[in-house]
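Only one structure is covered here, and it is reproduced in the block below.
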Amino acid sequence: MKKILVAVDFSDASASAVRQALVLATALDADLLLLHVLHVPAEAPGFYSSRKLGKKLFRNMEEAA
């Protein structure tokens, strides 16, 4: 199984990378996976530090995405 992973940040450069990866994936009959990472501010506590806080942080991350 062939897979191509492309990181995206919604910039013009990442859009170009997705287009190029799509051409390559089509030619190679490969799966195309897109990855977007959401930045958690340094002052925010760790996701697993508190179950209640973790749920709120996760909800905020979903809304931001």
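Ordered as shown in the structure tokens, chains take letters A, B, and onward, while each chain numbers its residues from 1 and ligands are numbered from 1 in the order shown.
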
Hey, what's within 12 Å of A:Leu24 if we count only C-alpha atoms and toss same-chain stuff fewer than 5 positions away? As a PDB file with N, CA and C atoms, in the first residue's frame, please?
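This is the output file result.pdb:
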ATOM      1  N   LYS A   2       0.635   2.161  -0.904  1.00  0.00           N
ATOM      2  CA  LYS A   2       1.413   3.389  -1.008  1.00  0.00           C
ATOM      3  C   LYS A   2       0.610   4.530  -0.412  1.00  0.00           C
ATOM      4  N   LYS A   3       1.287   5.348   0.369  1.00  0.00           N
ATOM      5  CA  LYS A   3       0.645   6.514   0.983  1.00  0.00           C
ATOM      6  C   LYS A   3       1.565   7.720   0.858  1.00  0.00           C
ATOM      7  N   ILE A   4       0.961   8.864   0.621  1.00  0.00           N
ATOM      8  CA  ILE A   4       1.694  10.124   0.568  1.00  0.00           C
ATOM      9  C   ILE A   4       1.083  11.040   1.617  1.00  0.00           C
ATOM     10  N   LEU A   5       1.929  11.538   2.508  1.00  0.00           N
ATOM     11  CA  LEU A   5       1.492  12.426   3.577  1.00  0.00           C
ATOM     12  C   LEU A   5       1.908  13.851   3.237  1.00  0.00           C
ATOM     13  N   VAL A   6       0.945  14.785   3.311  1.00  0.00           N
ATOM     14  CA  VAL A   6       1.227  16.191   3.035  1.00  0.00           C
ATOM     15  C   VAL A   6       0.748  17.022   4.219  1.00  0.00           C
ATOM     16  N   ALA A  17       1.606  22.292  -2.683  1.00  0.00           N
ATOM     17  CA  ALA A  17       2.112  20.963  -2.318  1.00  0.00           C
ATOM     18  C   ALA A  17       1.018  19.907  -2.443  1.00  0.00           C
ATOM     19  N   VAL A  18      -0.198  20.256  -2.052  1.00  0.00           N
ATOM     20  CA  VAL A  18      -1.321  19.318  -2.166  1.00  0.00           C
ATOM     21  C   VAL A  18      -1.598  19.009  -3.636  1.00  0.00           C
ATOM     22  N   ARG A  19      -1.582  20.017  -4.478  1.00  0.00           N
ATOM     23  CA  ARG A  19      -1.809  19.783  -5.910  1.00  0.00           C
ATOM     24  C   ARG A  19      -0.745  18.857  -6.501  1.00  0.00           C
ATOM     25  N   ASP A  29      -1.017   5.542  -8.006  1.00  0.00           N
ATOM     26  CA  ASP A  29      -2.162   4.859  -7.406  1.00  0.00           C
ATOM     27  C   ASP A  29      -1.980   4.746  -5.884  1.00  0.00           C
ATOM     28  N   ALA A  30      -1.631   5.867  -5.279  1.00  0.00           N
ATOM     29  CA  ALA A  30      -1.357   5.919  -3.846  1.00  0.00           C
ATOM     30  C   ALA A  30      -2.462   6.674  -3.115  1.00  0.00           C
ATOM     31  N   ASP A  31      -2.576   6.411  -1.818  1.00  0.00           N
ATOM     32  CA  ASP A  31      -3.494   7.174  -0.968  1.00  0.00           C
ATOM     33  C   ASP A  31      -2.837   8.509  -0.629  1.00  0.00           C
ATOM     34  N   LEU A  32      -3.640   9.555  -0.553  1.00  0.00           N
ATOM     35  CA  LEU A  32      -3.148  10.877  -0.191  1.00  0.00           C
ATOM     36  C   LEU A  32      -3.710  11.234   1.175  1.00  0.00           C
TER      37      LEU A  32
END

Report task. For A:Leu38, please output as an MDAnalysis selection string all residues within 12 Å (counting only C-alpha atoms; exclusion window: fewer than 2 positions along the same chain). Result -> chainID A and resid 7:10 35:36 40:41 57:58 60:65

Selection export as an mmCIF file, in the first residue's frame, atoms kept: N, CA, C and O atoms:
data_model
loop_
_atom_site.group_PDB
_atom_site.id
_atom_site.type_symbol
_atom_site.label_atom_id
_atom_site.label_comp_id
_atom_site.auth_asym_id
_atom_site.auth_seq_id
_atom_site.Cartn_x
_atom_site.Cartn_y
_atom_site.Cartn_z
ATOM 1 N N ALA A 7 1.657 17.793 4.790
ATOM 2 C CA ALA A 7 1.285 18.711 5.864
ATOM 3 C C ALA A 7 0.701 19.973 5.239
ATOM 4 O O ALA A 7 1.242 20.502 4.275
ATOM 5 N N VAL A 8 -0.426 20.438 5.782
ATOM 6 C CA VAL A 8 -1.072 21.628 5.233
ATOM 7 C C VAL A 8 -1.273 22.673 6.330
ATOM 8 O O VAL A 8 -1.540 22.343 7.479
ATOM 9 N N ASP A 9 -1.111 23.932 5.942
ATOM 10 C CA ASP A 9 -1.385 25.038 6.866
ATOM 11 C C ASP A 9 -2.265 26.093 6.199
ATOM 12 O O ASP A 9 -2.377 27.204 6.673
ATOM 13 N N PHE A 10 -2.880 25.727 5.084
ATOM 14 C CA PHE A 10 -3.793 26.580 4.324
ATOM 15 C C PHE A 10 -3.103 27.768 3.661
ATOM 16 O O PHE A 10 -3.740 28.705 3.232
ATOM 17 N N LEU A 35 -2.428 16.358 6.571
ATOM 18 C CA LEU A 35 -2.246 16.543 8.005
ATOM 19 C C LEU A 35 -2.204 18.028 8.319
ATOM 20 O O LEU A 35 -1.416 18.780 7.727
ATOM 21 N N HIS A 36 -3.055 18.449 9.238
ATOM 22 C CA HIS A 36 -3.030 19.824 9.729
ATOM 23 C C HIS A 36 -2.847 19.760 11.234
ATOM 24 O O HIS A 36 -3.584 19.060 11.926
ATOM 25 N N VAL A 40 -1.046 24.479 20.128
ATOM 26 C CA VAL A 40 -1.574 24.736 21.468
ATOM 27 C C VAL A 40 -0.592 25.692 22.130
ATOM 28 O O VAL A 40 0.597 25.381 22.228
ATOM 29 N N PRO A 41 -1.061 26.846 22.570
ATOM 30 C CA PRO A 41 -0.153 27.836 23.162
ATOM 31 C C PRO A 41 0.673 27.255 24.310
ATOM 32 O O PRO A 41 0.213 26.390 25.049
ATOM 33 N N LEU A 57 -10.144 22.010 26.720
ATOM 34 C CA LEU A 57 -9.075 22.322 25.780
ATOM 35 C C LEU A 57 -9.341 21.638 24.443
ATOM 36 O O LEU A 57 -9.203 22.236 23.380
ATOM 37 N N PHE A 58 -9.752 20.370 24.483
ATOM 38 C CA PHE A 58 -10.041 19.626 23.265
ATOM 39 C C PHE A 58 -11.202 20.280 22.498
ATOM 40 O O PHE A 58 -11.156 20.417 21.283
ATOM 41 N N ASN A 60 -12.065 23.446 22.590
ATOM 42 C CA ASN A 60 -11.526 24.686 22.008
ATOM 43 C C ASN A 60 -10.687 24.392 20.767
ATOM 44 O O ASN A 60 -10.754 25.130 19.781
ATOM 45 N N MET A 61 -9.916 23.314 20.799
ATOM 46 C CA MET A 61 -9.105 22.939 19.653
ATOM 47 C C MET A 61 -9.993 22.557 18.461
ATOM 48 O O MET A 61 -9.717 22.942 17.329
ATOM 49 N N GLU A 62 -11.066 21.804 18.732
ATOM 50 C CA GLU A 62 -12.001 21.425 17.656
ATOM 51 C C GLU A 62 -12.625 22.662 17.035
ATOM 52 O O GLU A 62 -12.753 22.762 15.808
ATOM 53 N N GLU A 63 -13.039 23.621 17.872
ATOM 54 C CA GLU A 63 -13.671 24.830 17.349
ATOM 55 C C GLU A 63 -12.679 25.643 16.509
ATOM 56 O O GLU A 63 -13.044 26.195 15.474
ATOM 57 N N ALA A 64 -11.431 25.714 16.953
ATOM 58 C CA ALA A 64 -10.435 26.465 16.209
ATOM 59 C C ALA A 64 -10.117 25.824 14.874
ATOM 60 O O ALA A 64 -9.877 26.496 13.881
ATOM 61 N N ALA A 65 -10.158 24.482 14.856
ATOM 62 C CA ALA A 65 -9.860 23.771 13.605
ATOM 63 C C ALA A 65 -10.984 23.975 12.612
ATOM 64 O O ALA A 65 -10.816 24.029 11.429
#
